[in-house]
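Dropping run.txt in here (compact mmCIF, C-alpha atoms):
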```txt
# COMPACT_ATOMS: atom_id res chain seq x y z
CA MET A 28 0.00 0.00 0.00
CA ASN A 29 1.48 3.29 -1.00
CA ILE A 30 -0.46 6.36 -0.05
CA GLN A 31 0.93 9.66 -1.11
CA SER A 32 -0.39 13.03 -2.04
CA CYS A 33 1.37 16.10 -3.26
CA VAL A 34 -0.25 19.53 -3.30
CA GLU A 35 1.23 22.59 -4.88
CA VAL A 36 0.67 25.69 -2.76
CA ARG A 37 0.17 28.91 -4.69
CA ASN A 38 -2.85 30.56 -3.11
CA GLU A 39 -5.00 30.40 -0.01
CA TRP A 40 -7.29 27.74 -1.43
CA ASP A 41 -4.39 25.39 -1.97
CA ILE A 42 -3.93 25.42 1.81
CA VAL A 43 -7.46 24.07 2.14
CA LYS A 44 -6.71 21.48 -0.53
CA ALA A 45 -3.53 20.37 1.24
CA ARG A 46 -5.19 19.85 4.58
CA GLN A 47 -8.18 18.15 2.98
CA SER A 48 -5.93 15.51 1.47
CA GLY A 49 -4.02 15.32 4.75
CA ARG A 50 -7.23 14.63 6.61
CA ASN A 51 -8.22 11.94 4.10
CA ILE A 52 -4.89 10.16 4.39
CA ALA A 53 -4.92 10.43 8.19
CA LYS A 54 -8.39 8.91 8.23
CA GLU A 55 -7.30 6.11 5.92
CA LEU A 56 -4.31 5.28 8.11
CA GLY A 57 -6.60 5.00 11.11
CA PHE A 58 -5.83 8.13 13.11
CA GLY A 59 -8.46 9.21 15.63
CA THR A 60 -10.32 12.52 15.40
CA VAL A 61 -7.96 14.34 17.76
CA ASP A 62 -4.87 13.30 15.81
CA GLN A 63 -6.67 14.07 12.55
CA ALA A 64 -7.26 17.59 13.84
CA ARG A 65 -3.61 17.85 14.92
CA ILE A 66 -2.38 16.69 11.52
CA THR A 67 -4.66 18.98 9.52
CA THR A 68 -3.76 21.93 11.72
CA ALA A 69 -0.05 21.21 11.27
CA ILE A 70 -0.50 21.00 7.49
CA SER A 71 -2.46 24.22 7.57
CA GLU A 72 0.35 26.00 9.42
CA LEU A 73 3.09 24.68 7.15
CA ALA A 74 1.15 25.39 3.95
CA ARG A 75 0.29 28.87 5.15
CA ASN A 76 3.95 29.56 5.87
CA ILE A 77 4.77 28.59 2.31
CA TYR A 78 2.02 30.85 0.98
CA LEU A 79 2.97 33.78 3.24
CA TYR A 80 6.74 33.73 3.06
CA ALA A 81 7.79 31.85 -0.06
CA GLY A 82 4.81 32.52 -2.33
CA LYS A 83 4.80 29.00 -3.69
CA GLY A 84 5.97 25.56 -2.76
CA GLU A 85 4.82 22.03 -2.23
CA VAL A 86 3.28 20.00 0.56
CA THR A 87 3.70 16.25 0.34
CA ILE A 88 1.78 13.94 2.63
CA GLU A 89 2.74 10.29 2.74
CA ARG A 90 2.59 7.12 4.76
CA THR A 91 5.79 6.22 6.53
CA GLU A 92 7.07 3.24 8.48
CA ALA A 93 9.80 2.63 11.03
CA GLY A 94 10.08 -0.86 12.44
CA SER A 95 6.58 -1.82 13.42
CA LYS A 96 5.43 1.76 13.69
CA LEU A 97 3.17 3.30 11.09
CA GLY A 98 2.89 7.01 10.64
CA LEU A 99 2.04 9.99 8.49
CA LYS A 100 4.77 12.23 7.16
CA ILE A 101 4.34 15.81 6.04
CA ILE A 102 7.02 17.38 3.89
CA ALA A 103 6.72 21.10 3.22
CA ALA A 104 9.27 22.39 0.74
CA ASP A 105 9.78 25.72 -0.93
CA SER A 106 12.56 27.65 -2.63
CA GLY A 107 11.69 30.93 -0.99
CA PRO A 108 13.84 33.36 0.99
CA GLY A 109 14.70 30.81 3.68
CA ILE A 110 14.88 31.40 7.42
CA LYS A 111 17.68 33.52 8.84
CA ASP A 112 17.67 32.34 12.40
CA ILE A 113 16.01 28.96 12.88
CA ARG A 114 16.36 29.05 16.65
CA ARG A 115 14.34 32.26 16.84
CA VAL A 116 11.44 31.04 14.68
CA MET A 117 11.15 28.04 16.98
CA GLU A 118 10.56 30.39 19.93
CA ASP A 119 6.96 30.97 20.93
CA GLY A 120 5.72 34.41 20.07
CA PHE A 121 8.34 35.27 17.49
CA THR A 122 6.75 36.57 14.32
CA THR A 123 7.77 38.61 11.31
CA SER A 124 4.28 38.90 9.87
CA GLY A 125 2.28 40.24 12.80
CA GLY A 126 0.74 36.85 13.50
CA LEU A 127 0.69 34.98 16.78
CA GLY A 128 4.14 33.48 16.32
CA ALA A 129 2.88 30.07 17.37
CA GLY A 130 3.09 28.38 13.97
CA LEU A 131 6.35 26.44 13.83
CA PRO A 132 6.76 25.71 17.56
CA GLY A 133 3.09 24.77 17.50
CA VAL A 134 3.60 22.30 14.66
CA LYS A 135 6.49 20.78 16.59
CA ARG A 136 4.19 20.20 19.55
CA LEU A 137 1.34 18.91 17.39
CA MET A 138 3.53 16.29 15.72
CA ASP A 139 5.88 13.61 17.09
CA GLU A 140 8.93 14.33 15.00
CA PHE A 141 9.99 17.58 13.46
CA THR A 142 13.02 18.57 11.42
CA ILE A 143 13.66 21.88 9.77
CA ASP A 144 16.29 22.65 7.21
CA SER A 145 16.67 26.08 5.72
CA LYS A 146 19.26 28.09 3.87
CA GLU A 147 18.96 31.78 3.31
CA ASN A 148 17.92 32.61 -0.27
CA GLU A 149 17.66 28.92 -1.13
CA GLY A 150 14.55 27.70 0.57
CA THR A 151 13.10 25.79 3.45
CA ASN A 152 12.38 22.12 3.93
CA ILE A 153 10.33 20.95 6.87
CA THR A 154 9.51 17.34 7.68
CA ALA A 155 7.08 16.35 10.40
CA ILE A 156 5.85 12.90 11.39
CA LYS A 157 2.93 11.72 13.48
CA TRP A 158 3.05 8.08 14.60
CA LEU A 159 -0.04 5.95 14.87
CA ARG A 160 -0.54 4.73 18.40
CA MET B 13 -9.71 28.56 -48.46
CA ASP B 14 -7.68 27.44 -51.39
CA LYS B 15 -9.82 25.50 -53.88
CA LEU B 16 -7.11 22.89 -54.21
CA ILE B 17 -7.06 22.19 -50.49
CA ILE B 18 -10.80 21.78 -50.40
CA GLN B 19 -10.66 19.49 -53.36
CA ILE B 20 -7.97 17.28 -51.82
CA LEU B 21 -9.82 17.19 -48.50
CA ASN B 22 -13.06 16.20 -50.14
CA GLU B 23 -11.39 13.49 -52.18
CA SER B 24 -9.72 11.91 -49.18
CA ARG B 25 -12.56 12.45 -46.74
CA GLU B 26 -12.96 8.73 -46.03
CA ARG B 27 -9.28 8.30 -45.25
CA ILE B 28 -9.18 11.36 -43.01
CA TYR B 29 -12.32 10.21 -41.27
CA SER B 30 -11.05 6.77 -40.35
CA ARG B 31 -7.66 8.06 -39.17
CA TRP B 32 -9.30 10.79 -37.14
CA MET B 33 -11.73 8.38 -35.51
CA ASP B 34 -8.83 6.08 -34.60
CA GLU B 35 -6.94 8.89 -32.94
CA MET B 36 -10.00 10.13 -31.08
CA GLU B 37 -10.61 6.65 -29.74
CA ARG B 38 -7.05 6.51 -28.48
CA ALA B 39 -7.35 9.89 -26.79
CA ARG B 40 -10.58 8.94 -25.10
CA GLU B 41 -9.02 8.21 -21.74
CA ASP B 42 -7.25 11.57 -21.69
CA HIS B 43 -10.61 13.29 -21.70
CA ARG B 44 -11.97 10.98 -18.99
CA LEU B 45 -14.75 9.82 -21.25
CA GLN B 46 -14.45 6.07 -20.59
CA SER B 47 -17.76 6.05 -18.74
CA ILE B 48 -19.66 7.24 -21.80
CA THR B 49 -21.16 4.54 -23.97
CA ASP B 50 -19.31 3.65 -27.16
CA ALA B 51 -22.32 4.60 -29.26
CA THR B 52 -22.60 8.07 -27.73
CA TYR B 53 -18.89 8.64 -28.12
CA GLU B 54 -18.99 7.63 -31.74
CA ASP B 55 -22.05 9.75 -32.46
CA THR B 56 -20.44 12.79 -30.88
CA ASN B 57 -17.24 12.18 -32.80
CA ASN B 58 -19.25 11.93 -36.00
CA GLU B 59 -20.98 15.17 -35.25
CA LEU B 60 -17.74 16.98 -34.46
CA PHE B 61 -16.17 15.67 -37.65
CA GLU B 62 -19.19 16.79 -39.63
CA ILE B 63 -19.02 20.26 -38.09
CA ILE B 64 -15.32 20.60 -38.82
CA TYR B 65 -15.91 19.62 -42.42
CA THR B 66 -18.73 22.09 -42.93
CA HIS B 67 -16.37 24.66 -41.50
CA ILE B 68 -13.91 24.05 -44.28
CA GLU B 69 -16.54 24.40 -46.92
CA GLN B 70 -18.00 27.57 -45.45
CA ASN B 71 -14.51 29.00 -45.20
CA VAL B 72 -15.01 31.03 -42.02
CA HIS B 73 -12.23 31.88 -39.61
CA ARG B 74 -14.20 31.72 -36.41
CA PRO B 75 -16.44 29.10 -34.83
CA THR B 76 -19.78 28.81 -36.58
CA GLU B 77 -22.93 28.97 -34.55
CA ARG B 78 -23.22 25.24 -34.83
CA MET B 79 -19.73 24.77 -33.42
CA THR B 80 -20.37 27.07 -30.44
CA GLU B 81 -23.67 25.38 -29.74
CA PHE B 82 -22.02 21.98 -29.94
CA ALA B 83 -19.28 23.11 -27.55
CA GLU B 84 -21.76 24.61 -25.11
CA ARG B 85 -23.85 21.48 -25.10
CA LEU B 86 -20.88 19.21 -24.40
CA LEU B 87 -19.48 21.43 -21.67
CA LYS B 88 -22.85 21.56 -20.00
CA VAL B 89 -22.94 17.78 -19.60
CA GLY B 90 -19.40 17.78 -18.25
CA TRP B 91 -17.20 16.97 -21.22
CA ARG B 92 -13.87 18.68 -21.28
CA LEU B 93 -13.09 21.48 -23.68
CA SER B 94 -9.88 19.63 -24.45
CA TYR B 95 -11.96 17.04 -26.28
CA ILE B 96 -12.91 19.59 -28.92
CA THR B 97 -9.58 21.41 -29.08
CA GLN B 98 -7.72 18.14 -29.32
CA GLY B 99 -10.19 16.98 -31.98
CA LEU B 100 -9.38 20.07 -34.02
CA GLN B 101 -5.65 19.67 -33.49
CA THR B 102 -5.74 16.02 -34.49
CA PHE B 103 -7.72 17.01 -37.55
CA ARG B 104 -5.06 19.55 -38.49
CA ARG B 105 -2.30 17.00 -38.09
CA ILE B 106 -4.07 14.49 -40.28
CA ILE B 107 -5.02 16.84 -43.09
CA LEU B 108 -1.48 18.23 -43.18
CA ALA B 109 -0.18 14.70 -43.61
CA VAL B 110 -2.74 14.07 -46.34
CA LEU B 111 -1.85 17.29 -48.15
CA LEU B 112 1.85 16.47 -47.96
CA ASP B 113 1.15 13.07 -49.43
CA ALA B 114 -0.42 14.77 -52.42
CA ASN B 115 3.10 15.83 -53.41
CA HIS B 116 3.34 19.48 -54.24
CA SER B 117 6.19 21.92 -54.51
CA SER B 118 7.57 22.98 -51.14
CA GLU B 119 6.29 26.51 -51.58
CA LYS B 120 2.81 25.26 -52.20
CA VAL B 121 2.98 23.02 -49.14
CA PHE B 122 4.15 25.89 -47.00
CA ASN B 123 1.24 28.03 -48.15
CA MET B 124 -1.19 25.28 -47.35
CA TYR B 125 0.37 24.89 -43.93
CA ASP B 126 0.01 28.56 -43.31
CA GLU B 127 -3.57 28.67 -44.50
CA ILE B 128 -4.66 25.76 -42.37
CA ASP B 129 -3.00 27.25 -39.30
CA ARG B 130 -4.77 30.53 -39.88
CA TRP B 131 -8.00 28.68 -40.24
CA ILE B 132 -7.84 26.39 -37.22
CA ASP B 133 -6.09 28.53 -34.59
CA PRO B 134 -8.72 31.29 -34.34
CA ILE B 135 -11.41 28.67 -33.92
CA ILE B 136 -9.54 27.00 -31.06
CA ASN B 137 -8.72 30.36 -29.47
CA GLN B 138 -12.27 31.55 -29.53
CA LEU B 139 -13.60 28.31 -28.09
CA ILE B 140 -11.09 28.55 -25.24
CA ASN B 141 -11.89 32.22 -24.66
CA GLU B 142 -15.57 31.60 -24.49
CA SER B 143 -15.27 28.70 -22.13
CA SER B 144 -12.87 30.52 -19.80
CA LYS B 145 -15.15 33.54 -19.82
CA ASN B 146 -17.92 31.21 -18.82
CA TRP B 147 -15.86 29.86 -15.93
CA GLU B 148 -14.78 33.28 -14.74
CA ASN B 149 -18.39 34.29 -14.73
CA THR B 150 -19.41 31.27 -12.65
CA VAL B 151 -16.58 31.80 -10.20
CA SER B 152 -17.39 35.46 -9.66
CA ILE B 153 -21.07 34.69 -9.15
CA GLN B 154 -20.20 32.03 -6.61
CA LYS B 155 -17.83 34.38 -4.86
CA VAL B 156 -20.64 36.85 -4.35
CA ALA B 157 -22.98 34.09 -3.22
CA LEU B 158 -20.37 32.88 -0.75
CA GLN B 159 -19.86 36.37 0.56
CA GLU B 160 -23.55 36.68 1.27
CA LEU B 161 -23.43 33.49 3.30
CA SER B 162 -20.18 34.41 4.88
CA ALA B 163 -20.63 36.01 8.24
CA PRO B 164 -24.14 36.95 9.32
CA LEU B 165 -24.69 38.53 12.71
CA ILE B 166 -28.03 37.48 14.12
CA PRO B 167 -29.67 39.41 16.94
CA VAL B 168 -31.23 36.76 19.18
CA PHE B 169 -32.27 38.55 22.34
CA GLU B 170 -32.15 42.17 23.22
CA ASN B 171 -28.44 43.00 23.54
CA ILE B 172 -27.35 39.51 22.57
CA SER B 173 -26.25 38.54 19.05
CA VAL B 174 -24.82 35.39 17.53
CA MET B 175 -22.38 35.00 14.68
CA PRO B 176 -22.24 31.41 13.45
CA LEU B 177 -19.13 30.67 11.42
CA ILE B 178 -19.20 27.78 8.99
CA GLY B 179 -16.39 26.59 6.75
CA THR B 180 -12.88 27.70 6.07
CA ILE B 181 -11.82 31.16 7.15
CA ASP B 182 -9.46 32.87 4.76
CA THR B 183 -8.10 36.39 4.86
CA GLU B 184 -10.99 37.84 2.90
CA ARG B 185 -13.59 36.23 5.12
CA ALA B 186 -11.72 37.25 8.25
CA LYS B 187 -12.02 40.88 7.14
CA LEU B 188 -15.72 40.43 6.50
CA ILE B 189 -16.23 38.83 9.91
CA MET B 190 -14.59 41.78 11.60
CA GLU B 191 -16.63 44.34 9.64
CA ASN B 192 -19.95 42.58 10.16
CA LEU B 193 -19.23 42.09 13.85
CA LEU B 194 -18.48 45.73 14.46
CA THR B 195 -21.27 47.22 12.37
CA GLY B 196 -23.72 44.64 13.73
CA VAL B 197 -22.79 45.24 17.35
CA ILE B 198 -23.42 48.93 16.95
CA LYS B 199 -26.59 48.53 14.89
CA HIS B 200 -28.22 46.01 17.23
CA ARG B 201 -26.76 47.64 20.35
CA SER B 202 -25.39 44.28 21.42
CA GLN B 203 -23.67 43.91 24.74
CA VAL B 204 -22.68 40.31 24.20
CA VAL B 205 -21.75 38.60 20.93
CA LEU B 206 -21.46 34.83 20.69
CA ILE B 207 -19.07 33.63 18.00
CA ASP B 208 -19.88 30.04 17.16
CA ILE B 209 -17.05 28.03 15.55
CA THR B 210 -18.78 24.64 15.51
CA GLY B 211 -18.64 24.65 11.72
CA VAL B 212 -15.02 25.73 11.35
CA PRO B 213 -13.04 22.60 10.41
CA VAL B 214 -9.55 23.76 11.36
CA VAL B 215 -8.49 26.35 13.89
CA ASP B 216 -4.88 27.18 13.16
CA THR B 217 -2.87 30.16 14.34
CA MET B 218 -4.21 32.38 11.60
CA VAL B 219 -7.85 31.66 12.36
CA ALA B 220 -7.18 32.05 16.09
CA HIS B 221 -5.40 35.31 15.43
CA HIS B 222 -8.35 36.67 13.49
CA ILE B 223 -10.79 35.61 16.20
CA ILE B 224 -8.67 37.23 18.90
CA GLN B 225 -8.44 40.44 16.89
CA ALA B 226 -12.18 40.46 16.26
CA ALA B 227 -12.89 39.92 19.96
CA GLU B 228 -10.51 42.71 20.88
CA ALA B 229 -12.19 45.07 18.42
CA VAL B 230 -15.60 44.18 19.85
CA ARG B 231 -14.29 44.94 23.32
CA LEU B 232 -13.16 48.35 22.10
CA VAL B 233 -16.67 49.28 21.01
CA GLY B 234 -17.94 48.32 24.44
CA ALA B 235 -19.31 44.83 23.98
CA GLN B 236 -18.12 41.40 25.08
CA CYS B 237 -17.34 38.34 22.97
CA ILE B 238 -17.92 34.74 23.97
CA LEU B 239 -16.36 32.04 21.82
CA VAL B 240 -18.59 28.97 21.64
CA GLY B 241 -18.68 25.66 19.77
CA ILE B 242 -15.17 24.55 20.63
CA ARG B 243 -15.00 20.82 19.92
CA PRO B 244 -12.72 18.67 22.09
CA GLU B 245 -10.23 18.02 19.30
CA ILE B 246 -10.08 21.72 18.48
CA ALA B 247 -9.47 22.50 22.15
CA GLN B 248 -6.51 20.09 22.14
CA THR B 249 -4.95 21.55 19.02
CA ILE B 250 -5.36 25.07 20.37
CA VAL B 251 -3.50 24.03 23.54
CA ASN B 252 -0.81 22.25 21.48
CA LEU B 253 -0.32 25.30 19.34
CA GLY B 254 0.08 27.35 22.50
CA ILE B 255 -2.59 29.86 21.60
CA ASP B 256 -3.83 31.98 24.48
CA LEU B 257 -7.58 32.50 24.31
CA GLY B 258 -7.72 33.66 27.92
CA GLN B 259 -8.85 37.22 27.21
CA PHE B 260 -12.46 36.25 26.65
CA PRO B 261 -14.81 33.55 27.93
CA THR B 262 -15.15 30.35 25.91
CA LYS B 263 -17.83 27.66 26.09
CA SER B 264 -18.26 24.27 24.49
CA THR B 265 -21.77 24.85 23.15
CA LEU B 266 -23.92 27.70 21.95
CA PHE B 267 -26.46 26.81 24.64
CA LYS B 268 -23.97 27.25 27.49
CA GLY B 269 -22.73 30.43 25.89
CA MET B 270 -26.26 31.75 25.68
CA LYS B 271 -26.80 31.08 29.39
CA THR B 272 -23.64 32.97 30.24
CA ALA B 273 -24.64 35.82 27.94
CA LEU B 274 -28.01 36.10 29.66
CA GLU B 275 -26.31 36.19 33.05
CA MET B 276 -23.99 38.89 31.82
CA THR B 277 -26.98 40.98 30.83
CA LYS B 278 -28.67 40.19 34.17
CA ARG B 279 -31.26 37.75 32.89
CA GLN B 280 -31.76 34.03 33.12
CA MET B 281 -33.65 31.15 31.63
CA ILE B 282 -36.23 29.51 33.89
CA ASP B 283 -38.59 26.60 33.48
CA LEU B 284 -42.23 27.55 33.71
CA ASP B 285 -43.97 25.74 36.55
CA GLU B 286 -47.39 24.42 35.83
```
If you took the structure in this file and wrote it as structure tokens, what would it be?
Amino acid sequence: MNIQSCVEVRNEWDIVKARQSGRNIAKELGFGTVDQARITTAISELARNIYLYAGKGEVTIERTEAGSKLGLKIIAADSGPGIKDIRRVMEDGFTTSGGLGAGLPGVKRLMDEFTIDSKENEGTNITAIKWLR
Amino acid sequence: MDKLIIQILNESRERIYSRWMDEMERAREDHRLQSITDATYEDTNNELFEIIYTHIEQNVHRPTERMTEFAERLLKVGWRLSYITQGLQTFRRIILAVLLDANHSSEKVFNMYDEIDRWIDPIINQLINESSKNWENTVSIQKVALQELSAPLIPVFENISVMPLIGTIDTERAKLIMENLLTGVIKHRSQVVLIDITGVPVVDTMVAHHIIQAAEAVRLVGAQCILVGIRPEIAQTIVNLGIDLGQFPTKSTLFKGMKTALEMTKRQMIDLDE
């Protein structure tokens, strides 16, 4: 079984599309309603970041396995301006757009695993995994 | 169109027809038309072929009425425009091959090429234009319809209003929510406004931010917001995200919110004793 979905993010409606497909895949993998909400919210945050800061990018949602564990992996990639200081964006309340500044640290708390990779002027690549319990 | 071209095309009509039908059959899956019965598909193909041929004879450089009607009819039942444009393009490819086979001087062939391009391209362009205009029209109408449904403020009791939110909140809607809230609060002289998010599928930081801003603005005009309809899973994600909704009261259901609102305006609900 190979479930995967890739959504290009260019406008606000693509964010809705991304989280819709995320919710479908989460449901298919057997996640409960609370985890479904966590996953869709995380996708929403990541997709919105792409839309706000990079303009366009891609959100890939796929099934992942490690040993006997089954999980859902979100990959958000863009070739936008990148993040200058990763440590600061992971602090609660830090924002450059006048928002709440809870996005990235929030996603980290919503998901089980979180890695961020960004180079200035090259782009950002974020991977987050939620394991099925 | 050049008499010679028309003559060649009429002479080899059978050959063109069978090649064209073959190609259309092969392209059927691309247009997602597998579910249509073979007979219908063939009939439609026949009709399109017929229309294209009459086009040649009439020698017009834009879609005839029959062509536009045909296109409209197909689009209405959910066929893709690409079926017609691809049909025309395939037709061009085939007749060019047929004309080349007829063996003329290279200059003559080039002229034919040019003429056929000038004949087919405007037809394709206009079909595309018309269909995209159609879509744009539909989208703008729906946008207006959506806006009307977007964020109504309903006065329920004296001084108490409710704003039920349903569906995704984007930037445009968030603006509308804020405007309707503020104008409504003043118009209905509300003291308490209940914002119901039962129908909002995802509350992320942006949605939360907009709600907080709206509540703050309502506070500035002298009223109080209560956020109701917070489902358990939404409550958990809000906590995970670390969003602080502590500045205003929140309730799980509209009913509980209404009770609180009545208390805030010094009223209460009582059962009538027999």
Tell me, counting only C-alpha atoms, for each residue of chain A within 9 Å of chain B, which pair of atoms is nearest and how far apart they are in Å to one decimal, in rows ordered by chain and increasing number, as JSON lines.
```
{"residue": "A:Glu39", "atom": "CA", "partner": "B:Asp182", "partner_atom": "CA", "distance": 7.0}
{"residue": "A:Trp40", "atom": "CA", "partner": "B:Asp182", "partner_atom": "CA", "distance": 8.3}
{"residue": "A:Val43", "atom": "CA", "partner": "B:Thr180", "partner_atom": "CA", "distance": 7.6}
{"residue": "A:Arg46", "atom": "CA", "partner": "B:Val214", "partner_atom": "CA", "distance": 9.0}
{"residue": "A:Thr60", "atom": "CA", "partner": "B:Glu245", "partner_atom": "CA", "distance": 6.7}
{"residue": "A:Val61", "atom": "CA", "partner": "B:Glu245", "partner_atom": "CA", "distance": 4.6}
{"residue": "A:Asp62", "atom": "CA", "partner": "B:Glu245", "partner_atom": "CA", "distance": 7.9}
{"residue": "A:Gln63", "atom": "CA", "partner": "B:Glu245", "partner_atom": "CA", "distance": 8.6}
{"residue": "A:Ala64", "atom": "CA", "partner": "B:Glu245", "partner_atom": "CA", "distance": 6.2}
{"residue": "A:Arg65", "atom": "CA", "partner": "B:Thr249", "partner_atom": "CA", "distance": 5.7}
{"residue": "A:Thr67", "atom": "CA", "partner": "B:Val214", "partner_atom": "CA", "distance": 7.1}
{"residue": "A:Thr68", "atom": "CA", "partner": "B:Asp216", "partner_atom": "CA", "distance": 5.6}
{"residue": "A:Ala69", "atom": "CA", "partner": "B:Asp216", "partner_atom": "CA", "distance": 7.9}
{"residue": "A:Ser71", "atom": "CA", "partner": "B:Asp216", "partner_atom": "CA", "distance": 6.8}
{"residue": "A:Glu72", "atom": "CA", "partner": "B:Asp216", "partner_atom": "CA", "distance": 6.5}
{"residue": "A:Arg75", "atom": "CA", "partner": "B:Met218", "partner_atom": "CA", "distance": 8.6}
{"residue": "A:Asp119", "atom": "CA", "partner": "B:Gly254", "partner_atom": "CA", "distance": 7.9}
{"residue": "A:Gly126", "atom": "CA", "partner": "B:His221", "partner_atom": "CA", "distance": 6.6}
{"residue": "A:Leu127", "atom": "CA", "partner": "B:His221", "partner_atom": "CA", "distance": 6.2}
{"residue": "A:Gly128", "atom": "CA", "partner": "B:Thr217", "partner_atom": "CA", "distance": 8.0}
{"residue": "A:Ala129", "atom": "CA", "partner": "B:Leu253", "partner_atom": "CA", "distance": 6.1}
{"residue": "A:Gly130", "atom": "CA", "partner": "B:Thr217", "partner_atom": "CA", "distance": 6.2}
{"residue": "A:Leu131", "atom": "CA", "partner": "B:Leu253", "partner_atom": "CA", "distance": 8.7}
{"residue": "A:Pro132", "atom": "CA", "partner": "B:Leu253", "partner_atom": "CA", "distance": 7.3}
{"residue": "A:Gly133", "atom": "CA", "partner": "B:Leu253", "partner_atom": "CA", "distance": 3.9}
{"residue": "A:Val134", "atom": "CA", "partner": "B:Leu253", "partner_atom": "CA", "distance": 6.8}
{"residue": "A:Lys135", "atom": "CA", "partner": "B:Leu253", "partner_atom": "CA", "distance": 8.6}
{"residue": "A:Arg136", "atom": "CA", "partner": "B:Asn252", "partner_atom": "CA", "distance": 5.7}
{"residue": "A:Leu137", "atom": "CA", "partner": "B:Asn252", "partner_atom": "CA", "distance": 5.7}
```
Work out how far apart CA of Glu275 (chain B) and CA of Ser173 (chain B) are and give it in Å to one decimal.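 Between CA of Glu275 (chain B) and CA of Ser173 (chain B) the gap is 14.2 Å.
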Have a look at A:Ile143, A:Lys44, A:Leu56, A:Asp105 and name the one nearest to Glu92 (chain A); count all atoms listed in the file.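 Of all the options, A:Leu56 lies closest to Glu92 (chain A).
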Two-atom distance - CA of Ser162 (chain B), CA of Glu191 (chain B) (Å):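 Atom-to-atom, CA of Ser162 (chain B) and CA of Glu191 (chain B) are spaced 11.6 Å apart.
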Could you please give me, as number ranges by chain, the residues of protein, DNA or RNA lying at most 12 Å from (4.5, 32.7, 2.2) in the coordinate frame of the file, considering only C-alpha atoms? A: 36-39, 42, 72-85, 103-110, 123-124, 150-151
Just the selected residues (C-alpha atoms), exported as a PDB file, in the coordinates of the input, please.
```
ATOM      1  CA  VAL A  36       0.670  25.690  -2.760  1.00  0.00           C
ATOM      2  CA  ARG A  37       0.170  28.910  -4.690  1.00  0.00           C
ATOM      3  CA  ASN A  38      -2.850  30.560  -3.110  1.00  0.00           C
ATOM      4  CA  GLU A  39      -5.000  30.400  -0.010  1.00  0.00           C
ATOM      5  CA  ILE A  42      -3.930  25.420   1.810  1.00  0.00           C
ATOM      6  CA  GLU A  72       0.350  26.000   9.420  1.00  0.00           C
ATOM      7  CA  LEU A  73       3.090  24.680   7.150  1.00  0.00           C
ATOM      8  CA  ALA A  74       1.150  25.390   3.950  1.00  0.00           C
ATOM      9  CA  ARG A  75       0.290  28.870   5.150  1.00  0.00           C
ATOM     10  CA  ASN A  76       3.950  29.560   5.870  1.00  0.00           C
ATOM     11  CA  ILE A  77       4.770  28.590   2.310  1.00  0.00           C
ATOM     12  CA  TYR A  78       2.020  30.850   0.980  1.00  0.00           C
ATOM     13  CA  LEU A  79       2.970  33.780   3.240  1.00  0.00           C
ATOM     14  CA  TYR A  80       6.740  33.730   3.060  1.00  0.00           C
ATOM     15  CA  ALA A  81       7.790  31.850  -0.060  1.00  0.00           C
ATOM     16  CA  GLY A  82       4.810  32.520  -2.330  1.00  0.00           C
ATOM     17  CA  LYS A  83       4.800  29.000  -3.690  1.00  0.00           C
ATOM     18  CA  GLY A  84       5.970  25.560  -2.760  1.00  0.00           C
ATOM     19  CA  GLU A  85       4.820  22.030  -2.230  1.00  0.00           C
ATOM     20  CA  ALA A 103       6.720  21.100   3.220  1.00  0.00           C
ATOM     21  CA  ALA A 104       9.270  22.390   0.740  1.00  0.00           C
ATOM     22  CA  ASP A 105       9.780  25.720  -0.930  1.00  0.00           C
ATOM     23  CA  SER A 106      12.560  27.650  -2.630  1.00  0.00           C
ATOM     24  CA  GLY A 107      11.690  30.930  -0.990  1.00  0.00           C
ATOM     25  CA  PRO A 108      13.840  33.360   0.990  1.00  0.00           C
ATOM     26  CA  GLY A 109      14.700  30.810   3.680  1.00  0.00           C
ATOM     27  CA  ILE A 110      14.880  31.400   7.420  1.00  0.00           C
ATOM     28  CA  THR A 123       7.770  38.610  11.310  1.00  0.00           C
ATOM     29  CA  SER A 124       4.280  38.900   9.870  1.00  0.00           C
ATOM     30  CA  GLY A 150      14.550  27.700   0.570  1.00  0.00           C
ATOM     31  CA  THR A 151      13.100  25.790   3.450  1.00  0.00           C
TER      32      THR A 151
END
```
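Among the candidate residues B:Thr56, B:Gln70, B:Ser94, B:Gln101, the one lying nearest to Phe82 (chain B) is B:Thr56, with distances computed using all atoms listed in the file.
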Here is a test: counting all atoms listed in the file, which residue of B:Met190, B:Met175, B:His67, B:Leu284 is nearest to Ile238 (chain B)? B:Met175
Any idea what's packed within 8 Å of Gly211 (chain B), counting all atoms listed in the file, ignoring anything in its chain fewer than 6 positions away? Could you give it as a PyMOL selection string? chain B and resi 176-179
